[in-house]
Amino acid sequence: MTKPAPHAVNNTLAYLDGAWRPLTECSVPVNTHALQYGTGCFEGIRGYWNGERLNILFLREHFQRLAANAALLLMTSPSVDDMCAITAKLVKQNDPKQNIYLRPLVYKKGLNIGPVLIDVADGFLCYMQPMGDYLDTSKGLGVCVSSWQRLSDNSIPTRTKATGGYLNSALAKSEAIMNGYDEAIFLNDRGQVCEGSAENIFLVRGGELITPDRTADILEGITRRGILQFARDLGIPAVERAVARTELYLADEIFLVGTGCQVSWVRSVDKRIVGGGVRGPVTERIQRAYEDAVYGPSTAYGSWLTPV
Ligand code: PMP
C-alpha cells in the first residue's frame, strides 16, 4: 500500500455555504470573484489528537480574527458563534483520531466582473484534513532573507490573512526552496525584519526574547500571542519592537511560530549558523511549553483548547 501524502486531502465531510457534502463534491463556478481576484479571507486552525480526544486550539480566537478581518475587507462572515459551531460540528461528524488542520474561508462568491468588494455576495466554507508537521520542528531550519519585500499595510494588509496576499508568501517560499532553503524571512518596506512566509519570528539576544511589533506588516499571529504568554509565565523577558536584518545574523537563537509550523527552530540564516547551530535553551523551553499546552500534561492553558 502506498503511504498517503502527509497533506493529502481525504474525503471528509465539508461545509460550503449552508450545505454539508463530501469535500470532493464541493465546488464553485470558475467565474467566482474570489478565484478571479483573490478576494477571500481565511484561517488555519489546528486540532490535536491526544490519544483520547481531539482538542481544537484557539478555536474562538481564530474566528474572532476572521470576523474582524473579513469586516475590514468589506466581507460579511457568519457570526463568531456560528463559525465555531459549524467547525465543531465538522470535526464531530468526521471524528478524526489524528492531528488535523481546519481551513475556514470567507470568500466573495458572486460572479461579478470587476475588482470591487461592495455588492458582491459573500460565502463561507470550512473543511479539514489530516496534518502532521508543516515544517520539521526537530532538525533546525535553514532560512534566507527573501529578495521579495513583504506586502505593506497600505497595499494588501498582511494582518488580514487575505487570500490574494498569499501570492507574496508563495513567491518568497518558492524562491527559498528553489535556492535550497527551508523557509524565507521577509523584510518590510522599511527594510526591517517582518515574518516568514506563513510564520511569525522570534529572536533571542542576551536572554531577551524579541519579536517584530504589530506595525511591522506582520500577521498578528495567535501562536505569537501564546508564545508571549509563555514568556510572561516562564519569566523570560520579551519585547515587541522593530528588528534590523543584521540582528538575525547576531542572534543567539531564532525560532518561527504559527499554527502550521508550531514552534520550529532556525539553524542558519543566509548560511550563517545561529548560536551554536543547535536548538537553544530558550527555544527548548518554549517548544516544551507549547507541546505541554496542546497535548498535556499542562492544564494551565486548558482555556486555549476546545474539546470535541
Ligand atoms: N504570518 C503569516 C503570514 C501566516 O500566514 C501565519 C499563519 N496563519 C502566521 C504568521 C502565524 O499566525 P498564527 O499563529 O495565527 O497561525
# chains A, B, ... in the order shown; residues from 1 in each chain; ligands from 1
>>> residues_near_ligand(ligand="ligand 1", cutoff="6 Å", atoms="only C-alpha atoms and all ligand atoms", output="number ranges by chain")
A: 44, 197-200, 219, 221-224, 258-259
>>> write_last_selection(atoms="N, CA, C and O atoms", output="compact mmCIF listing (two decimals), in the first residue's frame")
# COMPACT_ATOMS: atom_id res chain seq x y z
N GLY A 44 -6.26 29.31 9.47
CA GLY A 44 -5.74 27.96 9.59
C GLY A 44 -5.78 27.62 11.07
O GLY A 44 -5.31 28.40 11.89
N SER A 197 7.09 33.19 5.55
CA SER A 197 6.02 33.19 4.54
C SER A 197 4.67 32.86 5.18
O SER A 197 3.63 33.27 4.68
N ALA A 198 4.68 32.13 6.29
CA ALA A 198 3.43 31.80 6.99
C ALA A 198 3.71 31.59 8.48
O ALA A 198 3.09 30.76 9.13
N GLU A 199 4.69 32.35 9.01
CA GLU A 199 5.09 32.18 10.42
C GLU A 199 5.54 33.52 10.97
O GLU A 199 6.11 34.33 10.25
N ASN A 200 5.31 33.74 12.24
CA ASN A 200 5.94 34.86 12.94
C ASN A 200 7.32 34.43 13.41
O ASN A 200 7.61 33.24 13.52
N LEU A 219 1.42 39.43 10.23
CA LEU A 219 0.13 38.94 10.69
C LEU A 219 0.20 38.92 12.22
O LEU A 219 1.20 38.48 12.79
N GLY A 221 -0.20 37.15 14.78
CA GLY A 221 -0.37 35.71 14.94
C GLY A 221 -0.94 35.32 16.30
O GLY A 221 -0.61 35.91 17.33
N ILE A 222 -1.77 34.31 16.27
CA ILE A 222 -2.38 33.82 17.51
C ILE A 222 -1.36 32.97 18.28
O ILE A 222 -1.30 33.02 19.51
N THR A 223 -0.54 32.23 17.56
CA THR A 223 0.53 31.48 18.22
C THR A 223 1.53 32.46 18.85
O THR A 223 1.97 32.26 20.00
N ARG A 224 1.86 33.52 18.12
CA ARG A 224 2.77 34.57 18.63
C ARG A 224 2.28 35.08 19.98
O ARG A 224 3.06 35.23 20.93
N GLY A 258 3.73 29.48 14.47
CA GLY A 258 2.48 29.64 13.73
C GLY A 258 1.65 28.39 13.87
O GLY A 258 2.15 27.35 14.34
N THR A 259 0.41 28.47 13.46
CA THR A 259 -0.47 27.32 13.56
C THR A 259 0.13 26.14 12.79
O THR A 259 0.14 25.01 13.27
>>> select_by_dssp(residues="range 259-300 of chain A", states="helix (DSSP H, G or I)", output="CSV table (one decimal) with N, CA, C and O atoms, in the first residue's frame")
chain,number,residue,atom,x,y,z
A,281,PRO,N,18.5,27.1,24.5
A,281,PRO,CA,17.8,26.8,25.7
A,281,PRO,C,16.4,27.5,25.8
A,281,PRO,O,15.4,26.9,26.4
A,282,VAL,N,16.3,28.7,25.4
A,282,VAL,CA,15.0,29.4,25.4
A,282,VAL,C,14.0,28.8,24.5
A,282,VAL,O,12.9,28.5,24.8
A,283,THR,N,14.5,28.5,23.2
A,283,THR,CA,13.7,27.8,22.3
A,283,THR,C,13.1,26.5,22.8
A,283,THR,O,12.0,26.1,22.7
A,284,GLU,N,14.0,25.7,23.5
A,284,GLU,CA,13.6,24.4,24.1
A,284,GLU,C,12.5,24.6,25.1
A,284,GLU,O,11.6,23.8,25.1
A,285,ARG,N,12.7,25.6,25.9
A,285,ARG,CA,11.6,25.8,27.0
A,285,ARG,C,10.3,26.2,26.3
A,285,ARG,O,9.2,25.7,26.8
A,286,ILE,N,10.4,27.0,25.3
A,286,ILE,CA,9.1,27.5,24.6
A,286,ILE,C,8.5,26.3,23.9
A,286,ILE,O,7.3,26.1,24.0
A,287,GLN,N,9.3,25.5,23.2
A,287,GLN,CA,8.8,24.4,22.5
A,287,GLN,C,8.1,23.4,23.4
A,287,GLN,O,7.1,22.8,23.2
A,288,ARG,N,8.8,23.2,24.6
A,288,ARG,CA,8.2,22.2,25.6
A,288,ARG,C,6.9,22.7,26.1
A,288,ARG,O,5.9,22.0,26.3
A,289,ALA,N,6.9,24.1,26.4
A,289,ALA,CA,5.6,24.7,26.9
A,289,ALA,C,4.5,24.5,25.9
A,289,ALA,O,3.3,24.2,26.3
A,290,TYR,N,4.8,24.7,24.6
A,290,TYR,CA,3.8,24.6,23.6
A,290,TYR,C,3.3,23.1,23.5
A,290,TYR,O,2.0,22.9,23.5
A,291,GLU,N,4.2,22.2,23.5
A,291,GLU,CA,3.7,20.8,23.4
A,291,GLU,C,2.9,20.4,24.7
A,291,GLU,O,1.9,19.7,24.5
A,292,ASP,N,3.3,20.8,25.8
A,292,ASP,CA,2.6,20.5,27.0
A,292,ASP,C,1.2,21.1,27.0
A,292,ASP,O,0.2,20.6,27.4
A,293,ALA,N,1.1,22.3,26.4
A,293,ALA,CA,-0.2,23.0,26.3
A,293,ALA,C,-1.2,22.3,25.4
A,293,ALA,O,-2.3,22.2,25.7
A,294,VAL,N,-0.6,21.9,24.2
A,294,VAL,CA,-1.6,21.3,23.2
A,294,VAL,C,-1.9,19.8,23.5
A,294,VAL,O,-2.9,19.3,23.1
A,295,TYR,N,-0.9,19.1,24.1
A,295,TYR,CA,-1.1,17.6,24.3
A,295,TYR,C,-1.3,17.3,25.8
A,295,TYR,O,-1.8,16.2,26.1
>>> atom_distance(atom1="CA of Val204 in chain A", atom2="CA of Leu250 in chain A")
9.5 Å
>>> residues_around(residues="Ala85 in chain A", least_positions_apart="5", cutoff="12 Å", atoms="only C-alpha atoms", output="list in words")
Tyr15, Leu59, Arg60, Phe63, Pro78, Ser79, Val80, Leu90, Val91, Lys92, Cys126, Thr306 and Val308 of chain A
>>> write_last_selection(atoms="N, CA and C atoms", output="mmCIF file, in the first residue's frame")
data_model
loop_
_atom_site.group_PDB
_atom_site.id
_atom_site.type_symbol
_atom_site.label_atom_id
_atom_site.label_comp_id
_atom_site.auth_asym_id
_atom_site.auth_seq_id
_atom_site.Cartn_x
_atom_site.Cartn_y
_atom_site.Cartn_z
ATOM 1 N N TYR A 15 -18.171 21.791 4.832
ATOM 2 C CA TYR A 15 -19.289 22.745 4.875
ATOM 3 C C TYR A 15 -19.078 23.795 3.797
ATOM 4 N N LEU A 59 -9.833 27.937 19.025
ATOM 5 C CA LEU A 59 -10.982 27.957 18.096
ATOM 6 C C LEU A 59 -11.621 29.356 18.020
ATOM 7 N N ARG A 60 -12.022 29.870 19.174
ATOM 8 C CA ARG A 60 -12.737 31.151 19.195
ATOM 9 C C ARG A 60 -11.838 32.309 18.741
ATOM 10 N N PHE A 63 -11.716 32.565 15.015
ATOM 11 C CA PHE A 63 -12.920 33.086 14.364
ATOM 12 C C PHE A 63 -13.176 34.550 14.729
ATOM 13 N N PRO A 78 -20.274 34.736 8.678
ATOM 14 C CA PRO A 78 -21.227 34.321 9.708
ATOM 15 C C PRO A 78 -20.728 34.828 11.068
ATOM 16 N N SER A 79 -21.567 34.764 12.095
ATOM 17 C CA SER A 79 -21.135 35.238 13.411
ATOM 18 C C SER A 79 -20.037 34.325 13.960
ATOM 19 N N VAL A 80 -19.292 34.849 14.917
ATOM 20 C CA VAL A 80 -18.230 34.047 15.547
ATOM 21 C C VAL A 80 -18.833 32.772 16.138
ATOM 22 N N LEU A 90 -18.266 20.034 12.232
ATOM 23 C CA LEU A 90 -17.426 19.436 11.168
ATOM 24 C C LEU A 90 -16.505 18.371 11.760
ATOM 25 N N VAL A 91 -15.850 18.745 12.853
ATOM 26 C CA VAL A 91 -14.913 17.814 13.487
ATOM 27 C C VAL A 91 -15.670 16.619 14.063
ATOM 28 N N LYS A 92 -16.782 16.914 14.719
ATOM 29 C CA LYS A 92 -17.569 15.834 15.340
ATOM 30 C C LYS A 92 -18.025 14.826 14.278
ATOM 31 N N CYS A 126 -15.805 25.669 5.194
ATOM 32 C CA CYS A 126 -14.822 25.136 6.149
ATOM 33 C C CYS A 126 -14.616 23.658 5.852
ATOM 34 N N THR A 306 -10.513 23.604 22.782
ATOM 35 C CA THR A 306 -11.938 23.252 22.745
ATOM 36 C C THR A 306 -12.036 21.761 22.434
ATOM 37 N N VAL A 308 -13.606 18.296 21.375
ATOM 38 C CA VAL A 308 -14.755 17.928 20.531
ATOM 39 C C VAL A 308 -15.075 16.459 20.792
#
>>> select_by_dssp(residues="range 31-166 of chain A", states="strand (DSSP E or B)", output="count of residues only")
40
>>> residues_around(residues="Glu61 in chain A", least_positions_apart="3", cutoff="10 Å", atoms="only C-alpha atoms", output="VMD selection string")
chain A and resid 45 57 to 58 64 to 66 80 84 222 304
>>> write_last_selection(atoms="N, CA and C atoms", output="PDB file, in the first residue's frame")
ATOM      1  N   ILE A  45      -6.414  26.506  11.395  1.00  0.00           N
ATOM      2  CA  ILE A  45      -6.624  26.135  12.804  1.00  0.00           C
ATOM      3  C   ILE A  45      -6.166  24.691  12.967  1.00  0.00           C
ATOM      4  N   LEU A  57      -7.312  23.983  18.921  1.00  0.00           N
ATOM      5  CA  LEU A  57      -6.502  25.013  19.582  1.00  0.00           C
ATOM      6  C   LEU A  57      -6.963  26.410  19.137  1.00  0.00           C
ATOM      7  N   PHE A  58      -7.272  27.251  20.103  1.00  0.00           N
ATOM      8  CA  PHE A  58      -7.653  28.653  19.843  1.00  0.00           C
ATOM      9  C   PHE A  58      -8.823  28.775  18.857  1.00  0.00           C
ATOM     10  N   GLN A  64     -12.684  34.972  15.894  1.00  0.00           N
ATOM     11  CA  GLN A  64     -12.751  36.415  16.193  1.00  0.00           C
ATOM     12  C   GLN A  64     -11.881  37.180  15.201  1.00  0.00           C
ATOM     13  N   ARG A  65     -10.684  36.648  14.932  1.00  0.00           N
ATOM     14  CA  ARG A  65      -9.794  37.309  13.968  1.00  0.00           C
ATOM     15  C   ARG A  65     -10.426  37.297  12.578  1.00  0.00           C
ATOM     16  N   LEU A  66     -11.002  36.156  12.197  1.00  0.00           N
ATOM     17  CA  LEU A  66     -11.591  36.052  10.856  1.00  0.00           C
ATOM     18  C   LEU A  66     -12.743  37.041  10.680  1.00  0.00           C
ATOM     19  N   VAL A  80     -19.292  34.849  14.917  1.00  0.00           N
ATOM     20  CA  VAL A  80     -18.230  34.047  15.547  1.00  0.00           C
ATOM     21  C   VAL A  80     -18.833  32.772  16.138  1.00  0.00           C
ATOM     22  N   CYS A  84     -17.842  28.952  14.992  1.00  0.00           N
ATOM     23  CA  CYS A  84     -17.331  27.983  15.972  1.00  0.00           C
ATOM     24  C   CYS A  84     -18.204  26.727  15.961  1.00  0.00           C
ATOM     25  N   ILE A 222      -1.773  34.311  16.270  1.00  0.00           N
ATOM     26  CA  ILE A 222      -2.380  33.818  17.510  1.00  0.00           C
ATOM     27  C   ILE A 222      -1.358  32.965  18.278  1.00  0.00           C
ATOM     28  N   TRP A 304      -7.266  27.396  26.200  1.00  0.00           N
ATOM     29  CA  TRP A 304      -6.891  27.526  24.782  1.00  0.00           C
ATOM     30  C   TRP A 304      -7.542  26.426  23.925  1.00  0.00           C
TER      31      TRP A 304
END
>>> closest_residue(among="A:Asp17, A:Glu183, A:Asp217, A:Glu52", to="Pro157 in chain A", atoms="only C-alpha atoms")
A:Asp217
